[in-house]
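Participant: Below is the file query.txt, with compact mmCIF, C-alpha atoms.
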```
# COMPACT_ATOMS: atom_id res chain seq x y z
CA MET A 1 45.14 -55.08 111.21
CA ASN A 2 47.17 -57.63 113.21
CA ILE A 3 50.17 -58.93 111.25
CA GLU A 4 50.08 -62.19 113.26
CA ASN A 5 46.59 -62.90 111.91
CA ILE A 6 47.83 -62.41 108.35
CA GLU A 7 50.84 -64.63 109.12
CA ALA A 8 48.53 -67.42 110.33
CA PHE A 9 46.38 -67.11 107.18
CA VAL A 10 49.41 -67.27 104.82
CA TYR A 11 50.96 -70.21 106.71
CA VAL A 12 47.73 -72.22 106.63
CA ILE A 13 47.63 -71.78 102.83
CA HIS A 14 51.34 -72.57 102.43
CA TYR A 15 51.33 -75.72 104.57
CA GLY A 16 47.82 -76.86 103.68
CA SER A 17 46.45 -77.32 107.19
CA PHE A 18 45.79 -75.56 110.49
CA ASN A 19 47.76 -78.19 112.41
CA LYS A 20 50.90 -77.85 110.29
CA ALA A 21 50.74 -74.06 110.42
CA ALA A 22 50.38 -74.24 114.21
CA GLU A 23 53.44 -76.49 114.44
CA ILE A 24 55.58 -74.16 112.35
CA LEU A 25 54.42 -71.08 114.28
CA PHE A 26 54.88 -72.82 117.65
CA LEU A 27 51.19 -72.29 118.45
CA SER A 28 48.29 -74.53 119.33
CA GLN A 29 45.77 -75.37 116.64
CA PRO A 30 42.99 -73.44 118.47
CA SER A 31 45.26 -70.35 118.55
CA VAL A 32 45.71 -70.47 114.77
CA THR A 33 41.95 -70.92 114.33
CA ALA A 34 41.34 -67.92 116.60
CA ARG A 35 43.71 -65.77 114.53
CA ILE A 36 41.99 -66.76 111.29
CA GLN A 37 38.58 -65.98 112.80
CA SER A 38 39.87 -62.59 114.00
CA LEU A 39 41.13 -61.80 110.47
CA GLU A 40 37.78 -62.84 108.98
CA ARG A 41 36.02 -60.43 111.34
CA GLU A 42 38.38 -57.61 110.33
CA LEU A 43 37.79 -58.31 106.64
CA ASP A 44 34.07 -59.02 107.16
CA CYS A 45 34.16 -62.18 105.05
CA ARG A 46 34.93 -65.89 105.23
CA LEU A 47 38.38 -66.85 104.01
CA PHE A 48 38.00 -70.63 104.21
CA ASP A 49 35.31 -73.22 103.55
CA ARG A 50 35.75 -76.18 105.88
CA ILE A 51 34.44 -79.51 104.58
CA GLY A 52 35.26 -82.21 107.11
CA LYS A 53 39.02 -82.12 107.58
CA GLN A 54 39.55 -80.38 104.24
CA ILE A 55 39.92 -76.60 103.91
CA HIS A 56 39.42 -74.60 100.75
CA LEU A 57 39.89 -70.91 100.05
CA THR A 58 36.72 -68.99 99.37
CA GLU A 59 36.62 -66.55 96.47
CA GLU A 60 37.25 -63.75 98.96
CA GLY A 61 40.21 -65.71 100.37
CA LYS A 62 41.70 -66.12 96.90
CA LYS A 63 41.40 -62.38 96.29
CA PHE A 64 43.00 -61.47 99.61
CA LEU A 65 45.85 -64.02 99.46
CA PRO A 66 48.31 -62.05 97.25
CA TYR A 67 47.82 -58.94 99.38
CA GLY A 68 48.31 -60.93 102.56
CA GLN A 69 51.52 -62.45 101.18
CA GLN A 70 52.82 -59.05 100.14
CA LEU A 71 52.03 -57.53 103.54
CA LEU A 72 53.82 -60.36 105.32
CA GLN A 73 56.86 -60.20 103.04
CA THR A 74 57.14 -56.43 103.48
CA PHE A 75 56.94 -56.79 107.25
CA GLN A 76 59.60 -59.53 107.29
CA LYS A 77 61.94 -57.53 105.03
CA GLY A 78 61.55 -54.57 107.38
CA LYS A 79 62.52 -56.73 110.36
CA ILE A 80 65.58 -58.04 108.52
CA GLN A 81 66.61 -54.50 107.57
CA LEU A 82 66.35 -53.27 111.16
CA LYS A 83 68.26 -56.29 112.48
CA GLN A 84 70.96 -55.85 109.85
CA LYS A 85 71.30 -52.17 110.73
CA ARG A 86 71.82 -53.01 114.40
CA THR A 87 74.52 -55.59 113.62
CA LEU A 88 76.47 -53.59 110.99
CA PRO A 89 79.87 -52.24 112.07
CA ASN A 90 80.35 -48.48 112.16
CA GLU A 91 83.32 -48.71 109.82
CA LEU A 92 84.29 -50.78 106.79
CA ARG A 93 88.06 -51.05 106.36
CA ILE A 94 89.02 -51.63 102.74
CA GLY A 95 92.44 -52.44 101.38
CA SER A 96 93.31 -52.08 97.71
CA THR A 97 96.23 -52.03 95.35
CA VAL A 98 97.21 -48.71 93.76
CA SER A 99 95.46 -49.40 90.45
CA VAL A 100 92.26 -50.47 92.19
CA SER A 101 92.40 -47.38 94.40
CA ASN A 102 92.81 -45.12 91.36
CA TYR A 103 90.38 -46.68 88.93
CA MET A 104 87.88 -48.93 90.78
CA ILE A 105 87.33 -47.54 94.26
CA PRO A 106 85.72 -44.30 92.95
CA GLU A 107 83.10 -46.56 91.31
CA ILE A 108 82.70 -48.93 94.27
CA ILE A 109 82.46 -46.58 97.26
CA PRO A 110 79.39 -44.59 96.08
CA LYS A 111 77.44 -47.83 95.51
CA MET A 112 78.38 -49.16 98.93
CA LYS A 113 77.50 -45.85 100.61
CA LEU A 114 74.04 -45.93 99.03
CA LYS A 115 73.48 -49.44 100.37
CA TYR A 116 75.01 -48.74 103.81
CA PRO A 117 74.54 -45.00 104.49
CA ASP A 118 75.41 -45.29 108.20
CA VAL A 119 78.75 -47.04 107.61
CA ASN A 120 82.00 -45.06 107.43
CA PHE A 121 84.63 -46.20 104.94
CA LYS A 122 88.38 -46.32 105.56
CA LEU A 123 90.66 -47.03 102.60
CA THR A 124 94.23 -48.34 102.78
CA THR A 125 96.38 -48.56 99.65
CA ALA A 126 99.10 -51.22 99.67
CA VAL A 127 100.56 -54.12 97.68
CA THR A 128 98.74 -57.45 97.50
CA ASP A 129 100.87 -59.26 100.11
CA ASP A 130 100.41 -56.48 102.67
CA ILE A 131 96.65 -56.42 102.13
CA LEU A 132 96.45 -60.20 102.52
CA ASN A 133 98.37 -60.07 105.81
CA ARG A 134 96.20 -57.26 107.15
CA VAL A 135 93.02 -59.16 106.30
CA LEU A 136 94.42 -62.25 108.03
CA ASN A 137 95.26 -60.12 111.09
CA ARG A 138 91.76 -58.57 111.09
CA GLU A 139 93.19 -55.13 110.40
CA LEU A 140 91.14 -54.91 107.17
CA ASP A 141 87.64 -56.21 106.48
CA VAL A 142 87.89 -56.68 102.72
CA GLY A 143 90.65 -56.32 100.16
CA PHE A 144 91.01 -55.84 96.42
CA VAL A 145 94.14 -57.67 95.30
CA ARG A 146 95.73 -59.60 92.48
CA HIS A 147 94.62 -63.22 92.12
CA ILE A 148 95.64 -65.14 95.25
CA SER A 149 94.51 -68.16 97.24
CA HIS A 150 94.81 -68.90 100.97
CA PRO A 151 93.04 -71.52 103.12
CA ASN A 152 91.77 -68.89 105.58
CA ILE A 153 90.58 -66.43 102.95
CA LEU A 154 87.40 -66.07 100.93
CA SER A 155 88.43 -65.00 97.44
CA ALA A 156 86.38 -64.35 94.32
CA LYS A 157 87.16 -62.83 90.94
CA PHE A 158 85.92 -59.26 90.83
CA TYR A 159 87.33 -57.84 87.61
CA GLU A 160 89.42 -58.97 84.67
CA ASP A 161 91.25 -56.18 82.87
CA PRO A 162 92.65 -56.88 79.38
CA ILE A 163 96.26 -55.80 78.76
CA ARG A 164 96.63 -54.17 75.34
CA LEU A 165 99.17 -52.10 73.48
CA TYR A 166 98.34 -48.37 73.44
CA VAL A 167 99.74 -45.76 71.10
CA HIS A 168 99.37 -41.99 70.81
CA GLU A 169 97.39 -40.08 68.19
CA GLY A 170 98.95 -40.17 64.73
CA HIS A 171 101.01 -43.31 65.40
CA PRO A 172 101.66 -45.43 62.26
CA PHE A 173 100.18 -48.55 63.92
CA ILE A 174 96.69 -46.98 63.82
CA ASN A 175 94.54 -48.33 60.95
CA ASN A 176 97.52 -50.33 59.67
CA ASP A 177 96.29 -53.82 58.81
CA LYS A 178 99.80 -54.99 57.86
CA ARG A 179 101.38 -54.36 61.26
CA SER A 180 102.62 -57.37 63.24
CA ILE A 181 104.02 -57.98 66.70
CA GLU A 182 107.51 -57.97 65.15
CA ASP A 183 107.08 -54.27 64.32
CA ILE A 184 107.27 -53.41 68.02
CA GLY A 185 111.03 -53.94 67.68
CA ASP A 186 111.25 -50.66 65.76
CA GLN A 187 109.45 -48.68 68.48
CA HIS A 188 110.46 -46.91 71.68
CA LEU A 189 108.76 -48.88 74.42
CA VAL A 190 107.49 -47.61 77.76
CA PHE A 191 107.10 -50.70 79.93
CA PHE A 192 104.93 -50.73 83.04
CA GLU A 193 106.17 -53.52 85.29
CA CYS A 194 103.88 -54.73 88.09
CA GLY A 195 105.56 -58.10 88.64
CA SER A 196 102.51 -60.28 88.02
CA LEU A 197 102.51 -63.48 85.99
CA ASP A 198 100.45 -61.76 83.31
CA TRP A 199 103.28 -59.33 82.61
CA MET A 200 105.68 -62.27 82.44
CA ARG A 201 103.61 -63.58 79.55
CA ILE A 202 104.38 -60.36 77.66
CA HIS A 203 108.09 -60.79 78.44
CA ARG A 204 107.94 -64.31 76.99
CA ILE A 205 106.37 -62.92 73.81
CA PHE A 206 109.19 -60.38 73.55
CA ALA A 207 111.79 -63.16 73.96
CA SER A 208 110.26 -65.08 71.03
CA LEU A 209 110.60 -62.18 68.58
CA LYS A 210 113.41 -61.90 66.04
CA ARG A 211 113.86 -58.26 67.08
CA PRO A 212 113.04 -57.85 70.77
CA PRO A 213 111.66 -54.41 71.60
CA ASN A 214 113.87 -51.72 73.05
CA ILE A 215 112.52 -51.01 76.55
CA GLU A 216 113.79 -47.46 76.93
CA PHE A 217 111.60 -46.61 79.92
CA LEU A 218 110.85 -49.10 82.72
CA ILE A 219 108.06 -47.62 84.86
CA ASP A 220 106.38 -48.81 88.08
CA ASN A 221 103.49 -46.33 87.97
CA LEU A 222 100.55 -46.62 85.56
CA GLU A 223 99.80 -42.90 85.41
CA THR A 224 103.41 -42.10 84.55
CA ALA A 225 103.51 -44.75 81.81
CA LYS A 226 100.23 -43.52 80.35
CA LYS A 227 101.33 -39.88 80.30
CA LEU A 228 104.63 -40.75 78.64
CA VAL A 229 102.70 -42.40 75.80
CA MET A 230 100.49 -39.31 75.45
CA GLN A 231 103.68 -37.22 75.33
CA ARG A 232 104.73 -39.38 72.33
CA VAL A 233 107.82 -40.67 74.14
CA GLY A 234 106.90 -44.25 73.26
CA ILE A 235 104.17 -46.90 73.21
CA ALA A 236 103.10 -49.13 76.10
CA PHE A 237 101.22 -52.25 77.13
CA LEU A 238 98.68 -51.10 79.73
CA PRO A 239 95.58 -52.43 81.53
CA SER A 240 92.53 -51.14 79.67
CA LEU A 241 90.77 -49.75 82.74
CA CYS A 242 93.44 -47.12 83.39
CA VAL A 243 93.16 -45.66 79.88
CA SER A 244 89.41 -45.88 79.28
CA GLN A 245 88.90 -42.10 79.49
CA GLU A 246 91.86 -41.34 77.20
CA VAL A 247 90.55 -43.84 74.64
CA ARG A 248 87.11 -42.20 74.70
CA GLU A 249 88.76 -38.81 74.20
CA LYS A 250 90.86 -40.14 71.28
CA LYS A 251 94.12 -39.42 73.10
CA LEU A 252 95.22 -43.06 73.14
CA PHE A 253 94.45 -45.91 70.75
CA PRO A 254 94.43 -49.66 71.47
CA ILE A 255 96.36 -51.95 69.13
CA ASP A 256 95.63 -55.68 69.14
CA PHE A 257 97.85 -58.56 68.17
CA PRO A 258 96.89 -62.26 68.14
CA GLU A 259 99.94 -63.03 70.30
CA THR A 260 98.71 -60.83 73.19
CA SER A 261 95.03 -61.78 73.02
CA GLY A 262 93.71 -63.12 76.32
CA ILE A 263 96.38 -61.54 78.53
CA SER A 264 94.73 -59.70 81.41
CA LEU A 265 95.11 -58.63 85.03
CA GLN A 266 92.67 -60.24 87.45
CA THR A 267 91.47 -58.42 90.55
CA ASN A 268 89.95 -60.48 93.36
CA VAL A 269 87.96 -59.35 96.37
CA ILE A 270 89.02 -61.11 99.58
CA SER A 271 87.77 -61.40 103.14
CA LEU A 272 88.60 -63.54 106.17
CA HIS A 273 86.57 -66.75 106.51
CA GLY A 274 83.91 -65.97 109.10
CA GLY A 275 84.63 -62.25 108.80
CA SER A 276 82.80 -59.54 106.85
CA THR A 277 80.88 -61.89 104.55
CA LEU A 278 77.97 -59.42 104.34
CA PHE A 279 80.17 -56.78 102.73
CA PHE A 280 82.05 -59.39 100.70
CA ASN A 281 78.81 -60.67 99.15
CA SER A 282 77.41 -57.17 98.73
CA ILE A 283 80.47 -56.06 96.75
CA LEU A 284 80.16 -59.07 94.45
CA GLU A 285 76.41 -58.60 93.95
CA ASN A 286 76.17 -54.81 93.65
CA CYS A 287 79.56 -53.45 92.63
CA LYS A 288 80.66 -55.77 89.87
CA ILE A 289 82.53 -53.86 87.17
CA LEU A 290 82.07 -55.60 83.85
CA SER A 291 85.23 -56.21 81.90
CA GLN A 292 84.79 -54.21 78.72
CA PRO A 293 87.90 -53.46 76.66
CA ALA A 294 88.13 -49.81 75.72
CA LYS A 295 87.41 -49.18 72.06
CA ALA A 296 89.04 -46.64 69.82
```
How does the structure come out when it is put into structure tokens?

Facilitator:
Amino acid sequence: MNIENIEAFVYVIHYGSFNKAAEILFLSQPSVTARIQSLERELDCRLFDRIGKQIHLTEEGKKFLPYGQQLLQTFQKGKIQLKQKRTLPNELRIGSTVSVSNYMIPEIIPKMKLKYPDVNFKLTTAVTDDILNRVLNRELDVGFVRHISHPNILSAKFYEDPIRLYVHEGHPFINNDKRSIEDIGDQHLVFFECGSLDWMRIHRIFASLKRPPNIEFLIDNLETAKKLVMQRVGIAFLPSLCVSQEVREKKLFPIDFPETSGISLQTNVISLHGGSTLFFNSILENCKILSQPAKA
């Protein structure tokens, strides 16, 4: 069966006339008529009743229409897929911050590989400013960074990670309805410092307390901070994503206070304007990680 005959049939229905279909298909009206007649011979039935200048689908035409539309759509999707495959780069260069590399990339890469099996993936771990510069210099195709804006960059929110206080098993804050933010002043505090404005909000909360907490350990690595809490050295404010497994395993427990509600770290996906928009959009559509605070 000739796909061009089916295309002519579907276009005549869609545009309501042979002349309009011919115009859209860059054909003459007799050519469209010939294609419809050829399709009718293949199907051994009339698809249209012609009354003067009016055309109407026959019962057979009505029955065949959904199948014709499906055949045409499948053919067109196949053409798009083949064209896309020919224009895809051989390599996708991804930049990400350390936390994204540790906790998000293992979720993202498998989904991208399923969608683009012929593409190789190269990952670079760096700080947000370095990733931004490399994207601007076309050294990276996409980046996962803290919330930024730049006139030459496409940027969209990818993930929002709540920052919560986490304590070890057996800590007196667990199941204690009378605890308050002031009680942190009596605790040994492990503080992960990433330098973002969100962490500054926590510092401002500390400054407002009658008894500011004793930051005995200032850490620049999430894994180290997390493990110190599990070793019962102290308690820590941490992004929820990095402790989700430990919370499920009842090794760490989230503690909420009204004063810290709404504080979170935002991760954006970025790409150069006019650059790898295909991958940029694909990441947003297919790899979105929903922000779900870990529950005890």

Participant: List the residues sitting within 12 Å of (53.1, -70.6, 100.8) in the file's frame, using only C-alpha atoms, as a ChimeraX atom specification.

Facilitator: /A:7-17,21,65-66,68-70,72-73

Participant: Given all atoms listed in the file as the basis, pick out the residue of A:Asn176, A:Asn214, A:Thr74, A:Thr124 nearest to A:Ile255.

Facilitator: A:Asn176

Participant: Tell me which protein, DNA and RNA residues are within 12 Å of stretch 228-231 of chain A, counting only C-alpha atoms, leaving out same-chain ones fewer than 2 positions away, and put them as a ChimeraX atom specification.

Facilitator: /A:165-171,187-192,216-219,221-226,233-238,243,246-247,249-254

Participant: Show me, as a Markdown table, the residues of stretch 115-168 of chain A having an atom within 8 Å of stretch 279-289 of chain A, each with the closest atom pair and its distance in Å, using all atoms listed in the file.

Facilitator:
```
| residue | atom | partner | partner_atom | distance |
| --- | --- | --- | --- | --- |
| A:Val142 | CA | A:Phe280 | CA | 6.7 |
| A:Phe158 | CA | A:Lys288 | CA | 6.4 |
| A:Tyr159 | CA | A:Ile289 | CA | 6.3 |
```

Participant: Could you tell me how far atom CA of A:Val135 sits from atom CA of A:Pro239, in Å to one decimal place?

Facilitator: 25.8 Å

Participant: Check the smallest atom-to-atom distance from each of A:Phe48, A:Phe257, A:Phe75, A:Phe121 to A:Lys178 using all atoms listed in the file, then report the winner.

Facilitator: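 Looking at the shortest contact to A:Lys178, the residue is A:Phe257.
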
Participant: Smallest atom-to-atom distance to A:Ser271: which of A:Pro162, A:Gly61, A:Gly95, A:Pro106, using only C-alpha atoms?

Facilitator: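 Among the listed residues, A:Gly95 lies closest to A:Ser271.
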
Participant: Looking at only C-alpha atoms, which of A:Ile131, A:Ser261, A:Pro30, A:Ser276 is the one that sits closest to A:Ile148?

Facilitator: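 Among A:Ile131, A:Ser261, A:Pro30, A:Ser276, it is A:Ile131 that comes nearest to A:Ile148.
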
Participant: I'd like the interatomic distance between atom CA of A:Asp183 and atom CA of A:Ile202, to a tenth of an Å.

Facilitator: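 Going from atom CA of A:Asp183 over to atom CA of A:Ile202 covers 14.9 Å.
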
Participant: Mind giving me the straight-line distance from atom CA of A:Glu182 to atom CA of A:Pro213 in Å, one decimal?

Facilitator: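 According to the coordinates, atom CA of A:Glu182 and atom CA of A:Pro213 are separated by 8.5 Å.
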
Participant: When you look at A:Glu91 with a cut-off of 7 Å (counting only C-alpha atoms), what residues show up, excluding the ones that are within fewer than 2 positions of it in the same chain? I need them as a PyMOL selection string.

Facilitator: chain A and resi 89+93+119-121

Participant: Can you pull out the residues contacting A:Leu154? Cut-off 6 Å, using all atoms listed in the file, and skip same-chain residues under 2 positions away; I want them as a PyMOL selection string.

Facilitator: chain A and resi 270-273

Participant: Which residues are close to stretch 262-269 of chain A, i.e. within 6 Å by all atoms listed in the file, leaving aside same-chain residues fewer than 3 positions away? Reply as a list in words.

Facilitator: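 Counting only the stated atoms, we get Gly143, Phe144, Val145, Arg146, His147, Ser155, Ala156, Lys157, Phe158, Tyr159, Glu160, Asp161, Pro162 and Ile163 of chain A.
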
Participant: Specify the axis-aligned box that encloses all atoms of stretch 103-122 of chain A listed in the file after padding of 3 Å on each side, stating its centre and edge lengths in Å to one decimal as lines of an AutoDock Vina configuration file.

Facilitator:
```
center_x = 81.9
center_y = -46.9
center_z = 98.6
size_x = 22.9
size_y = 11.1
size_z = 25.3
```

Participant: For A:His203, which residue among A:Leu136, A:Glu259, A:Ile174, A:Glu23 is the nearest when counting only C-alpha atoms?

Facilitator: A:Glu259

Participant: For A:His150, which residue out of A:Leu132, A:Asn137, A:Cys242, A:Leu114 is the nearest one, using all atoms listed in the file?

Facilitator: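 Of A:Leu132, A:Asn137, A:Cys242, A:Leu114, the one nearest A:His150, counting all atoms listed in the file, is A:Leu132.
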
Participant: Any idea what's packed within 9 Å of A:Asn5, counting only C-alpha atoms, ignoring anything in its chain fewer than 2 positions away? Could you give it as number ranges by chain?

Facilitator: A: 1-3, 7-10, 32, 34-39
